[in-house]
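Chemist: My questions all concern the structure below.
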Amino acid sequence: MTFSLRAGLAAALSLAAAPALAHAVLAVTQASPNQTYRGVVQIGHGCDGKATTGLTVTIPDGVIAAKPMPKAGWELSTEKGPYARAYPSTHGTVSEGVKTITWKGGSLPDDFYDEFVFQARLTDAVAPGGTVYFPVRQDCDGATVDWREVPAAGQSARDLKNPAPGVRIVAAAAASPAAAAGPASVKAGDLTIEAPWIRATPGGAKVAGGYLQVTNTGKEPDRLVAASIPLAGRGEVHQMAMDKGVAKMAPVEAGLVIKPGETVVLKPGGYHLMFMDLTGPVKAGEPIEGTLTFARAGTVAVRFAVGAIGASAPEAGGGHQHH
C-alpha cells in the first residue's frame with residue numbers, strides 16, 4: 001500500500017484527540033469501509049486573523065467517487081487523477097477520479113464559521129482500526145495554512161501544529177448496527193414491504209422523498225394512504241409525471257392502489273412518499289424508524305434506510321454513487 005493507505009489509514013488513534021484549536025476539522029469523524037461518506041469540513045478561524053478566501057481538500061488513496069457540494073459565493077473546481085489501483089463500482093471498475101476539491105473566491109472572516117461539503121465512497125482499501133486523513137489547505141488574504149500533518153504510530157494529533165482532519169475507520173456493525181443490518185422485508189397481512197429508504201437532505205430543507213416496493217399477494221386490493229417519520233410534520237403519497245415536457249408533482253388524494261398479485265415500486269421520478277415540514281436534516285447512513293398506513297392492512301412500522309443527497313437508489317450505509 002502507499003503512504004496514504006498504510007501509514008495514513010493504519011495510524012490508530014482517537015479523533016477526539018484532534019487539537020481543539022485546529023482551524024479545519026471534519027464534522028463526521030467515524031465511518032466504515034465500502035460505504036458513502038459525507039465529508040463536512042468545518043472552518044472555525046481564519047489565518048492569523050485574516051479572512052479565509054479558499055479551501056482545498058485532498059482526497060486520499062482508498063477513497064473514490066468524490067463529489068463536492070457547490071457553495072453560494074464560492075467558485076468550485078476539481079482536479080482528477082489516477083487512483084492507486086482500480087476499484088469496483090456500480091457501473092464496472094474505476095481507475096481515476098477526483099483527487100482535489102477547491103472552493104475559492106469567497107470571503108469567510110476570521111470571527112465567522114462555515115462548512116464546506118463533499119461526498120465520497122470509502123473502499124475496502126480502508127481497514128477498520130485505522131484512520132483516513134483528508135489534507136486541507138486553507139488560503140487567506142496573503143497567507144496559507146496547510147493542514148496535512150499525520151501523526152506517527154503512537155503519536156497524538158495534539159502534538160502536531162497543523163494536523164490533517166481524519167476519519168476513524170470502524171467495522172460496519174460498530175459504526176451503526178441498524179445500518180449494517182439493513183432494512184428487512186416487512187409483512188403486513190397480504191402485503192410485503194421491501195427496501196424502504198429516504199434521500200438525505202441538506203440543512204434547512206423542509207421536504208424529503210421516500211421510496212419502497214410493496215407487493216400484494218392477497219385477493220383484495222389495498223391502498224397506501226400515508227406515511228410518517230419523527231422528523232416530518234406529515235407524510236403523503238405523491239406522483240411525479242411529465243406534462244408537455246414539464247415535470248409536475250401532485251398528491252395521490254385517494255391513496256396508491258396495490259392490486260392483487262401486483263408489485264408497486266415507489267421510486268424517484270414516479271410515485272413516491274413526500275415527507276414535509278421537516279424539523280431537522282435527514283442524514284445519510286442513519287436509518288429512521290417510521291410508519292406506512294394502508295386502507296386494509298392498517299399502520300405498519302418500517303425502518304427507512306437513508307441514501308445520499310440526490311441518490312437514485314438505496315445502498316448500504318449511504319447512497320448510490322454515479323461514476
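By convention in this document, the chains of the C-alpha cells carry letters A, B, ... by their order, each chain's residues are numbered from 1, and ligands are numbered from 1 in the order they are shown.
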I want to know what sits within 7 Å of A:Thr56, based on only C-alpha atoms, with residues of the same chain fewer than 3 positions away left out; could you give that as a list in words?
Modeler: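 Listed by chain and then number, they are Thr100, Ile101, Thr102, Trp103, Val136, Arg137 and Gln138 of chain A.
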Chemist: Report the closest atom pair, with its distance in Å rounded to one decimal, for each residue of stretch 112-150 of chain A that has an atom no farther than 12 Å from stretch 83-92 of chain A; count only C-alpha atoms, sort by chain and then rising residue number, and write it as a tab-separated table.
Modeler:
residue	atom	partner	partner_atom	distance
A:Arg121	CA	A:Ser89	CA	9.7
A:Leu122	CA	A:Tyr87	CA	10.6
A:Thr123	CA	A:Tyr87	CA	7.6
A:Asp124	CA	A:Tyr87	CA	8.9
A:Ala125	CA	A:Tyr87	CA	9.2
Chemist: Restrict the selected residues to N, CA, C and O atoms and save them as a compact mmCIF listing (two decimals), in the first residue's frame.
Modeler:
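Writing the result to selection27.txt gives the following:
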# COMPACT_ATOMS: atom_id res chain seq x y z
N ARG A 121 -16.79 7.87 -1.58
CA ARG A 121 -17.01 6.48 -1.17
C ARG A 121 -15.72 5.90 -0.61
O ARG A 121 -14.67 5.97 -1.24
N LEU A 122 -15.83 5.32 0.59
CA LEU A 122 -14.71 4.62 1.20
C LEU A 122 -14.69 3.20 0.65
O LEU A 122 -15.72 2.51 0.69
N THR A 123 -13.56 2.75 0.15
CA THR A 123 -13.47 1.42 -0.44
C THR A 123 -12.98 0.40 0.60
O THR A 123 -12.73 0.75 1.76
N ASP A 124 -12.81 -0.85 0.16
CA ASP A 124 -12.29 -1.86 1.07
C ASP A 124 -10.80 -1.71 1.32
O ASP A 124 -10.20 -2.47 2.07
N ALA A 125 -10.18 -0.71 0.69
CA ALA A 125 -8.76 -0.44 0.95
C ALA A 125 -8.55 0.23 2.30
O ALA A 125 -7.43 0.27 2.81
Chemist: Pick out the residues sitting within 10 Å of A:Pro82, and hand them over as a short mmCIF file (atom, residue, chain, number, x, y, z; two decimals) with N, CA, C and O atoms, in the first residue's frame; count only C-alpha atoms, and ignore anything fewer than 2 positions along from it in its own chain.
Modeler:
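Written out: out06.cif:
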data_model
loop_
_atom_site.label_atom_id
_atom_site.label_comp_id
_atom_site.auth_asym_id
_atom_site.auth_seq_id
_atom_site.Cartn_x
_atom_site.Cartn_y
_atom_site.Cartn_z
N ASP A 61 -5.85 8.11 -1.11
CA ASP A 61 -5.98 6.79 -1.74
C ASP A 61 -6.97 5.95 -0.92
O ASP A 61 -7.02 6.04 0.31
N LYS A 80 -8.71 15.88 -11.39
CA LYS A 80 -8.81 14.42 -11.42
C LYS A 80 -7.44 13.80 -11.67
O LYS A 80 -6.54 14.44 -12.20
N ALA A 84 -4.73 4.70 -6.88
CA ALA A 84 -3.61 3.80 -6.62
C ALA A 84 -3.83 2.45 -7.31
O ALA A 84 -2.89 1.77 -7.70
N ARG A 85 -5.10 2.07 -7.46
CA ARG A 85 -5.46 0.86 -8.18
C ARG A 85 -6.90 1.01 -8.65
O ARG A 85 -7.58 1.98 -8.30
N ALA A 86 -7.36 0.07 -9.45
CA ALA A 86 -8.74 0.10 -9.92
C ALA A 86 -9.66 -0.42 -8.81
O ALA A 86 -9.29 -1.32 -8.04
N VAL A 94 -13.45 1.49 -11.78
CA VAL A 94 -12.96 2.85 -11.98
C VAL A 94 -11.50 2.91 -11.57
O VAL A 94 -11.10 2.29 -10.58
N SER A 95 -10.70 3.63 -12.33
CA SER A 95 -9.26 3.72 -12.05
C SER A 95 -8.80 5.16 -11.88
O SER A 95 -7.63 5.40 -11.61
N GLU A 96 -9.71 6.10 -12.02
CA GLU A 96 -9.35 7.50 -11.80
C GLU A 96 -10.57 8.27 -11.35
O GLU A 96 -11.71 7.82 -11.50
N GLY A 97 -10.31 9.43 -10.77
CA GLY A 97 -11.41 10.25 -10.28
C GLY A 97 -10.89 11.52 -9.64
O GLY A 97 -9.71 11.87 -9.77
N VAL A 98 -11.75 12.21 -8.93
CA VAL A 98 -11.41 13.49 -8.30
C VAL A 98 -10.36 13.27 -7.21
O VAL A 98 -10.54 12.44 -6.33
N LYS A 99 -9.27 14.03 -7.28
CA LYS A 99 -8.19 13.94 -6.30
C LYS A 99 -8.12 15.17 -5.39
O LYS A 99 -7.65 15.08 -4.26
#
Chemist: Which polymer residues have any atom within 10 Å of an atom of A:Gly49, counting only C-alpha atoms, with same-chain residues fewer than 6 positions away left out, as a short mmCIF file (atom, residue, chain, number, x, y, z; two decimals) with N, CA, C and O atoms, in the first residue's frame?
Modeler:
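Generated file (selection-v5.cif):
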data_model
loop_
_atom_site.label_atom_id
_atom_site.label_comp_id
_atom_site.auth_asym_id
_atom_site.auth_seq_id
_atom_site.Cartn_x
_atom_site.Cartn_y
_atom_site.Cartn_z
N PRO A 109 -14.75 35.73 7.10
CA PRO A 109 -14.00 36.48 8.12
C PRO A 109 -13.51 35.58 9.26
O PRO A 109 -14.12 34.54 9.54
N ASP A 110 -12.44 35.99 9.89
CA ASP A 110 -11.81 35.21 10.95
C ASP A 110 -12.77 34.89 12.09
O ASP A 110 -12.71 33.81 12.68
N ASP A 111 -13.69 35.79 12.38
CA ASP A 111 -14.59 35.57 13.52
C ASP A 111 -15.91 34.91 13.11
O ASP A 111 -16.84 34.85 13.90
N CYS A 140 -5.85 32.29 2.86
CA CYS A 140 -6.40 33.52 3.40
C CYS A 140 -5.81 34.70 2.63
O CYS A 140 -5.05 34.51 1.68
N ASP A 141 -6.16 35.90 3.01
CA ASP A 141 -5.62 37.10 2.35
C ASP A 141 -4.13 37.18 2.61
O ASP A 141 -3.69 37.64 3.67
#
Chemist: Work out how far apart atom CA of A:Gly269 and atom CA of A:Ala284 are and give it in Å to one decimal.
Modeler: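 So the answer is 20.1 Å.
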Chemist: So, with only C-alpha atoms as the atoms that count, which of A:Val207, A:Ala313, A:Ala254, A:Val302 lies closest to A:Met274?
Modeler: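 Smallest separation from A:Met274 among the options: A:Val207.
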Chemist: Please extract the residues of stretch 106-318 of chain A with a backbone DSSP assignment of strand (DSSP E or B) and present them as number ranges by chain.
Modeler: A: 106-108, 114-122, 131-133, 136-140, 143-147, 149, 163, 166-169, 186-188, 191-199, 207-216, 222-228, 234-243, 246-251, 256-258, 263-266, 271-276, 288-294, 298-307, 314-315, 318
Chemist: Tell me which protein, DNA and RNA residues are within 9 Å of A:Lys219, counting only C-alpha atoms, leaving out same-chain ones fewer than 3 positions away, and put them as a ChimeraX atom specification.
Modeler: /A:190,216,259-261
Chemist: Write the residues you've just listed into a file as a short mmCIF file (atom, residue, chain, number, x, y, z; two decimals), in the first residue's frame, and include N, CA and C atoms for each of them.
Modeler:
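And here's out_32.cif as it stands now:
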data_model
loop_
_atom_site.label_atom_id
_atom_site.label_comp_id
_atom_site.auth_asym_id
_atom_site.auth_seq_id
_atom_site.Cartn_x
_atom_site.Cartn_y
_atom_site.Cartn_z
N ASP A 190 -51.60 -9.31 3.71
CA ASP A 190 -51.25 -9.82 2.38
C ASP A 190 -50.16 -8.99 1.71
N ASN A 216 -48.68 -7.15 -3.22
CA ASN A 216 -49.94 -7.64 -2.67
C ASN A 216 -50.15 -9.08 -3.12
N LYS A 259 -52.98 -3.56 -6.39
CA LYS A 259 -53.93 -4.58 -6.82
C LYS A 259 -53.45 -5.98 -6.41
N PRO A 260 -54.38 -6.95 -6.33
CA PRO A 260 -53.99 -8.33 -6.02
C PRO A 260 -52.97 -8.85 -7.04
N GLY A 261 -51.90 -9.47 -6.52
CA GLY A 261 -50.87 -10.01 -7.39
C GLY A 261 -49.93 -8.98 -7.98
#
